[in-house]
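The data block below is model_19.cif; it holds mmCIF, C-alpha atoms and all ligand atoms.
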data_structure
#
loop_
_atom_site.label_atom_id
_atom_site.label_comp_id
_atom_site.auth_asym_id
_atom_site.auth_seq_id
_atom_site.Cartn_x
_atom_site.Cartn_y
_atom_site.Cartn_z
CA MET G 497 86.48 103.27 65.16
CA GLU G 498 89.83 101.82 66.16
CA ILE G 499 91.75 103.47 68.98
CA ILE G 500 95.47 103.04 68.35
CA ARG G 501 97.99 103.97 71.01
CA THR G 502 101.27 102.70 69.62
CA VAL G 503 103.30 103.90 66.67
CA SER G 504 103.97 100.34 65.46
CA ASN G 505 100.24 99.49 65.30
CA LEU G 506 99.54 102.75 63.54
CA ILE G 507 102.23 102.17 60.92
CA SER G 508 101.07 98.63 60.14
CA ARG G 509 97.45 99.85 59.79
CA VAL G 510 98.56 102.72 57.53
CA ASN G 511 100.72 100.40 55.39
CA SER G 512 97.84 98.02 54.76
CA ALA G 513 95.53 100.92 53.82
CA ARG G 514 98.18 102.27 51.44
CA GLN G 515 98.74 98.83 49.87
CA SER G 516 95.05 98.52 49.08
CA GLY G 517 95.16 101.89 47.32
CA LYS G 518 93.11 103.83 49.89
CA THR G 519 93.54 107.56 50.38
CA ILE G 520 94.31 108.77 53.89
CA GLY G 521 93.21 112.01 55.55
CA LEU G 522 94.81 113.24 58.78
CA VAL G 523 93.36 115.73 61.26
CA PRO G 524 96.04 116.43 63.89
CA THR G 525 94.60 117.72 67.19
CA MET G 526 95.54 118.23 70.80
CA GLY G 527 92.10 117.01 71.93
CA ALA G 528 89.49 118.93 73.96
CA LEU G 529 87.58 118.68 70.72
CA HIS G 530 84.89 121.20 69.76
CA ASP G 531 82.79 122.06 66.71
CA GLY G 532 85.79 123.72 65.05
CA HIS G 533 87.64 120.37 65.05
CA LEU G 534 84.43 118.67 63.93
CA SER G 535 84.27 120.86 60.83
CA LEU G 536 87.80 119.67 59.87
CA VAL G 537 86.86 116.07 60.63
CA ASN G 538 83.66 116.27 58.55
CA ARG G 539 85.47 117.74 55.59
CA ALA G 540 88.27 115.16 55.84
CA ARG G 541 85.66 112.38 56.15
CA ASN G 542 84.15 113.42 52.80
CA GLU G 543 87.48 113.66 50.99
CA ASN G 544 89.35 110.48 52.04
CA ASP G 545 88.84 106.71 52.27
CA ILE G 546 90.54 106.38 55.65
CA LEU G 547 90.31 109.12 58.23
CA ILE G 548 92.84 109.35 61.07
CA VAL G 549 92.48 111.88 63.89
CA SER G 550 95.41 112.22 66.27
CA VAL G 551 94.82 113.38 69.83
CA PHE G 552 98.09 114.33 71.48
CA VAL G 553 98.98 117.27 73.71
CA ASN G 554 102.46 117.87 72.34
CA PRO G 555 104.78 119.01 75.15
CA THR G 556 107.52 120.30 72.83
CA GLN G 557 105.34 123.13 71.48
CA PHE G 558 104.55 124.62 74.91
CA ASN G 559 107.01 127.29 75.97
CA ASN G 560 105.07 127.86 79.18
CA PRO G 561 104.91 124.88 81.62
CA SER G 562 101.70 126.07 83.29
CA ASP G 563 99.97 126.33 79.88
CA LEU G 564 100.91 122.68 79.26
CA GLU G 565 99.72 121.66 82.70
CA THR G 566 96.36 123.41 82.44
CA TYR G 567 95.68 122.49 78.81
CA PRO G 568 92.25 120.79 78.86
CA ARG G 569 92.29 116.99 78.51
CA THR G 570 88.94 115.32 77.77
CA GLU G 571 89.76 111.97 76.20
CA GLU G 572 86.45 110.24 76.88
CA ALA G 573 84.38 113.01 75.31
CA ASP G 574 86.85 113.28 72.41
CA VAL G 575 86.55 109.57 71.64
CA ALA G 576 82.74 109.78 71.71
CA MET G 577 82.78 112.74 69.33
CA LEU G 578 85.16 111.00 66.91
CA ARG G 579 83.09 107.80 66.95
CA ASN G 580 79.99 109.81 66.11
CA ALA G 581 81.80 111.52 63.26
CA ASN G 582 82.61 108.15 61.69
CA VAL G 583 86.37 108.46 62.10
CA ASP G 584 88.29 105.26 61.24
CA ILE G 585 91.28 105.63 63.54
CA ALA G 586 91.80 107.73 66.66
CA PHE G 587 95.55 107.80 67.29
CA ILE G 588 96.04 108.59 71.00
CA PRO G 589 99.67 107.96 71.92
CA SER G 590 101.51 108.65 75.17
CA VAL G 591 104.37 111.15 75.34
CA SER G 592 106.96 108.34 75.60
CA GLU G 593 105.50 106.64 72.54
CA ILE G 594 106.04 109.76 70.44
CA TYR G 595 109.27 110.86 72.10
CA PRO G 596 111.15 107.74 73.26
CA GLU G 597 114.20 110.03 73.03
CA PRO G 598 114.21 113.83 73.30
CA ASP G 599 113.62 115.38 69.88
CA THR G 600 116.60 117.63 69.22
CA ARG G 601 115.73 118.54 65.63
CA ILE G 602 115.81 122.25 64.78
CA PHE G 603 113.83 123.28 61.70
CA ASP G 604 114.80 126.31 59.64
CA LEU G 605 111.25 127.57 59.20
CA GLY G 606 112.27 131.00 57.94
CA PRO G 607 110.61 134.40 58.39
CA VAL G 608 107.01 133.06 58.61
CA ALA G 609 107.96 131.54 61.97
CA ASP G 610 109.80 134.56 63.37
CA VAL G 611 106.93 137.01 63.85
CA MET G 612 103.84 137.13 66.12
CA GLU G 613 103.38 133.67 67.75
CA GLY G 614 106.99 132.79 66.86
CA LYS G 615 108.27 135.91 68.58
CA MET G 616 106.01 135.66 71.64
CA ARG G 617 106.37 131.91 72.13
CA PRO G 618 110.03 131.02 71.44
CA GLY G 619 110.41 127.40 70.32
CA HIS G 620 106.66 126.96 69.78
CA PHE G 621 106.78 126.47 66.01
CA ASN G 622 109.85 124.26 66.20
CA GLY G 623 107.83 122.01 68.53
CA VAL G 624 104.87 122.10 66.11
CA ALA G 625 107.25 121.12 63.27
CA GLN G 626 108.64 118.25 65.38
CA ILE G 627 105.26 116.69 66.10
CA VAL G 628 103.68 117.39 62.71
CA SER G 629 106.66 115.92 60.84
CA LYS G 630 106.45 112.79 63.03
CA LEU G 631 102.68 112.50 62.48
CA PHE G 632 103.12 112.97 58.72
CA ARG G 633 105.72 110.18 58.59
CA MET G 634 103.64 107.84 60.75
CA THR G 635 100.32 108.36 58.95
CA GLN G 636 101.51 109.10 55.37
CA PRO G 637 98.38 111.08 54.59
CA ASN G 638 97.32 112.33 51.16
CA ARG G 639 95.74 115.33 52.86
CA ALA G 640 96.11 117.00 56.27
CA TYR G 641 93.59 119.47 57.66
CA PHE G 642 94.28 122.58 59.77
CA GLY G 643 92.06 125.39 61.06
CA GLU G 644 92.61 129.00 60.01
CA LYS G 645 92.31 130.22 63.59
CA ASP G 646 96.00 129.26 63.71
CA PHE G 647 96.68 131.11 60.47
CA GLN G 648 100.41 131.45 61.08
CA GLN G 649 100.67 127.75 61.98
CA ILE G 650 99.35 126.85 58.51
CA ALA G 651 102.09 128.97 56.87
CA VAL G 652 104.68 127.25 59.05
CA ILE G 653 103.35 123.81 58.13
CA ARG G 654 103.44 124.66 54.43
CA LYS G 655 107.10 125.64 54.93
CA LEU G 656 107.73 122.34 56.74
CA VAL G 657 106.18 120.43 53.82
CA GLU G 658 108.55 122.25 51.46
CA LEU G 659 111.61 121.63 53.69
CA GLU G 660 110.93 117.94 54.21
CA ASN G 661 109.55 117.26 50.68
CA PHE G 662 106.29 115.82 52.01
CA ASP G 663 103.84 114.92 49.24
CA ILE G 664 100.81 116.02 51.26
CA ASP G 665 98.02 118.50 50.46
CA ILE G 666 97.61 120.96 53.31
CA VAL G 667 93.93 121.84 53.51
CA ASP G 668 93.06 124.99 55.43
CA CYS G 669 89.57 125.24 56.88
CA PRO G 670 87.74 128.45 57.93
CA ILE G 671 87.49 129.57 61.55
CA CYS G 672 84.37 128.33 63.37
CA ARG G 673 82.76 130.87 65.69
CA ASP G 674 80.24 130.76 68.49
CA SER G 675 76.97 132.62 67.78
CA ASN G 676 78.48 135.59 69.69
CA GLY G 677 81.52 135.65 67.37
CA LEU G 678 84.10 134.09 69.70
CA ALA G 679 86.46 131.86 67.70
CA LEU G 680 86.12 128.27 68.92
CA SER G 681 89.20 127.10 70.79
CA SER G 682 90.01 124.36 73.27
CA ARG G 683 91.29 127.10 75.59
CA ASN G 684 87.77 128.63 75.78
CA ALA G 685 87.00 125.79 78.22
CA ARG G 686 89.22 127.62 80.74
CA LEU G 687 87.20 130.87 80.56
CA SER G 688 84.93 131.66 83.52
CA PRO G 689 81.32 132.74 82.69
CA GLU G 690 82.40 136.36 83.33
CA LYS G 691 85.28 136.07 80.82
CA ILE G 692 83.10 134.21 78.28
CA ALA G 693 80.86 137.29 78.25
CA ILE G 694 83.86 139.56 77.55
CA ALA G 695 85.84 137.51 75.01
CA PRO G 696 83.44 138.14 72.05
CA GLN G 697 84.60 141.79 72.16
CA ILE G 698 87.68 140.56 70.31
CA TYR G 699 85.85 139.57 67.13
CA LYS G 700 83.48 142.53 67.42
CA THR G 701 86.49 144.87 67.39
CA LEU G 702 88.12 143.01 64.49
CA LEU G 703 84.91 143.52 62.45
CA GLN G 704 84.97 147.24 63.28
CA ALA G 705 88.60 147.29 62.14
CA VAL G 706 87.55 146.00 58.71
CA THR G 707 85.05 148.87 58.38
CA LYS G 708 87.71 151.38 59.44
CA SER G 709 90.19 149.95 56.94
CA TYR G 710 88.25 151.58 54.08
CA SER G 711 89.06 155.07 55.35
CA GLU G 712 92.04 154.76 57.73
CA THR G 713 95.70 153.79 57.51
CA VAL G 714 97.10 150.45 58.64
CA ALA G 715 98.79 152.14 61.63
CA SER G 716 95.58 153.79 62.79
CA VAL G 717 93.60 150.55 62.50
CA VAL G 718 96.28 148.80 64.59
CA GLN G 719 96.03 151.53 67.19
CA PHE G 720 92.22 151.38 67.18
CA VAL G 721 92.11 147.62 67.83
CA THR G 722 94.78 147.69 70.51
CA GLN G 723 93.31 150.66 72.39
CA THR G 724 89.70 149.50 72.12
CA LEU G 725 90.44 146.06 73.53
CA ASN G 726 92.86 147.25 76.19
CA GLN G 727 90.10 149.52 77.52
CA VAL G 728 87.93 146.45 78.27
CA GLN G 729 88.47 145.19 81.81
CA HIS G 730 90.24 141.78 81.89
CA LEU G 731 91.47 142.04 78.27
CA ASP G 732 95.15 142.65 77.59
CA VAL G 733 96.38 142.67 73.98
CA GLU G 734 99.73 140.92 73.56
CA TYR G 735 99.96 141.85 69.88
CA PHE G 736 97.75 142.91 67.02
CA THR G 737 99.67 142.93 63.74
CA ILE G 738 98.44 143.43 60.19
CA VAL G 739 100.51 141.25 57.87
CA ASP G 740 100.74 140.11 54.27
CA SER G 741 98.80 136.81 54.24
CA ALA G 742 101.47 135.13 52.08
CA THR G 743 104.69 136.23 53.82
CA LEU G 744 103.27 136.92 57.29
CA GLN G 745 105.43 140.07 57.44
CA PRO G 746 103.89 143.29 58.81
CA ILE G 747 102.64 145.76 56.20
CA SER G 748 102.31 149.54 56.36
CA GLU G 749 100.03 150.09 53.32
CA TRP G 750 96.80 148.33 52.40
CA PRO G 751 97.44 145.95 49.48
CA LYS G 752 95.76 146.61 46.13
CA GLU G 753 93.87 144.21 43.84
CA GLY G 754 96.15 141.41 42.57
CA ASN G 755 98.24 141.21 45.76
CA PRO G 756 97.94 138.84 48.71
CA GLN G 757 95.32 139.99 51.20
CA ALA G 758 96.13 141.74 54.46
CA ILE G 759 95.27 139.77 57.57
CA GLY G 760 95.11 141.10 61.11
CA CYS G 761 96.37 138.59 63.69
CA ILE G 762 95.78 139.07 67.38
CA ALA G 763 96.74 137.47 70.69
CA VAL G 764 94.84 138.70 73.75
CA PHE G 765 94.90 137.65 77.37
CA CYS G 766 91.36 137.31 78.69
CA GLY G 767 92.18 137.07 82.38
CA ASP G 768 94.87 134.38 82.41
CA VAL G 769 93.69 132.65 79.23
CA ARG G 770 95.57 133.53 76.05
CA LEU G 771 93.29 133.66 72.99
CA ILE G 772 94.22 134.15 69.34
CA ASP G 773 92.07 135.19 66.39
CA ASN G 774 92.45 136.80 62.99
CA ILE G 775 90.53 138.61 60.28
CA LYS G 776 91.10 139.15 56.57
CA PHE G 777 90.89 142.67 55.19
CA PRO G 778 89.33 143.12 51.75
CA LEU G 779 91.70 144.35 49.01
CA LYS G 780 91.33 148.08 48.34
O1 LIG G 801 96.85 123.14 66.21
C1 LIG G 801 97.06 122.25 67.05
O2 LIG G 801 96.15 121.75 67.74
C2 LIG G 801 98.49 121.74 67.24
O3 LIG G 801 99.41 122.77 67.09
C3 LIG G 801 98.82 120.55 66.31
C4 LIG G 801 98.82 120.96 64.85
C5 LIG G 801 97.83 119.42 66.54
C6 LIG G 801 100.23 120.04 66.63
O4 LIG G 801 100.32 119.61 67.96
#
So that I can check it, write out the structure of this file as structure tokens.
Amino acid sequence: MEIIRTVSNLISRVNSARQSGKTIGLVPTMGALHDGHLSLVNRARNENDILIVSVFVNPTQFNNPSDLETYPRTEEADVAMLRNANVDIAFIPSVSEIYPEPDTRIFDLGPVADVMEGKMRPGHFNGVAQIVSKLFRMTQPNRAYFGEKDFQQIAVIRKLVELENFDIDIVDCPICRDSNGLALSSRNARLSPEKIAIAPQIYKTLLQAVTKSYSETVASVVQFVTQTLNQVQHLDVEYFTIVDSATLQPISEWPKEGNPQAIGCIAVFCGDVRLIDNIKFPLK
């Protein structure tokens, strides 16, 4: 595996792969890699000739300076994991390599970016669009892989692809969970053992919400999830919203056969660690 740290080296490597007709897969990450990332990497490995994984904690997508500061950074372990997974190129640039000048671009990402994470973390998705558009230009991938834990992020990236006319397949990959149901996330590394024991309540409650959805209204399922989790010590729900999985806009009625599914998206503070998760509701 090659470790590339500069944009110019990356571009010349990508150009020579392209010239010899090779397909390129990109898995963009912020490092602190876990089995969820590995599932994206393994899938991308099978589907492309050249596999690039970027490891870059992108400052422009953090609206909270302490979140950026405490974001886990584990480069040595990440490199070992990527080597093991037979990755061709680990792209690990510095902040000044990616942003030699401040990035002042504003993307018109539309309504998918205005709700939930977009509302709670102003500027977050614009920062994601800045880095992902740069990575797409630098790596020119045929396919790019994203995890469904960040369900809204995938919708935003599809919008970015449309806005910027990128000819790239966006491949969404299912959420990976611990055996106790907790969605794998780099931020889980910041949970104390006490909080690790509590956090699986989130998924447990989302599963109960699916059962309730057969007999209860959208509003009462929202209330159930919010109240149940807020009653658990150390959990504090920031939002739980049931949205149309295509538009990401909140719904008030369960969709019927033939419509996009409903998806419940949640952000919860577990102590001082903010976790997100989501669950799809079957069509009624
Ligand atoms: O999902 C992430 O880890 C990040 O938002 C991404 C897509 C790597 C951009 O920094």
Calculated over all atoms listed in the file, which of the candidates G:Leu522, G:Ala576, G:Val628, G:Leu659 has the smallest distance to G:Asn554?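 Using all atoms listed in the file, G:Asn554 sits closest to G:Val628.
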At most 10 Å from ligand LIG 801 (chain G) (all atoms listed in the file): residue list as number ranges by chain: G: 523-529, 533, 549-558, 620-621, 623-629, 631, 640-647, 649-650, 653, 681-682
For G:Arg514, the nearest of the candidates G:Ile546, G:Leu678, G:Ile664, G:Met577, counting all atoms listed in the file: G:Ile546
Taking the point (92.4, 131.3, 76.7) as given in the file, collect each protein or nucleic acid residue that comes within 8 Å of it, counting only C-alpha atoms, and present the set as a short mmCIF file (atom, residue, chain, number, x, y, z; two decimals) with C-alpha atoms, keeping the file's coordinate frame.
data_model
loop_
_atom_site.label_atom_id
_atom_site.label_comp_id
_atom_site.auth_asym_id
_atom_site.auth_seq_id
_atom_site.Cartn_x
_atom_site.Cartn_y
_atom_site.Cartn_z
CA SER G 681 89.20 127.10 70.79
CA ARG G 683 91.29 127.10 75.59
CA ASN G 684 87.77 128.63 75.78
CA ALA G 685 87.00 125.79 78.22
CA ARG G 686 89.22 127.62 80.74
CA LEU G 687 87.20 130.87 80.56
CA PHE G 765 94.90 137.65 77.37
CA CYS G 766 91.36 137.31 78.69
CA ASP G 768 94.87 134.38 82.41
CA VAL G 769 93.69 132.65 79.23
CA ARG G 770 95.57 133.53 76.05
CA LEU G 771 93.29 133.66 72.99
#
Minimum-distance residue to G:Ile585, chosen among G:Ser516, G:Asp610, G:Val667, G:Ile499 (using all atoms listed in the file):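 Under the stated criterion, the closest residue is G:Ile499.
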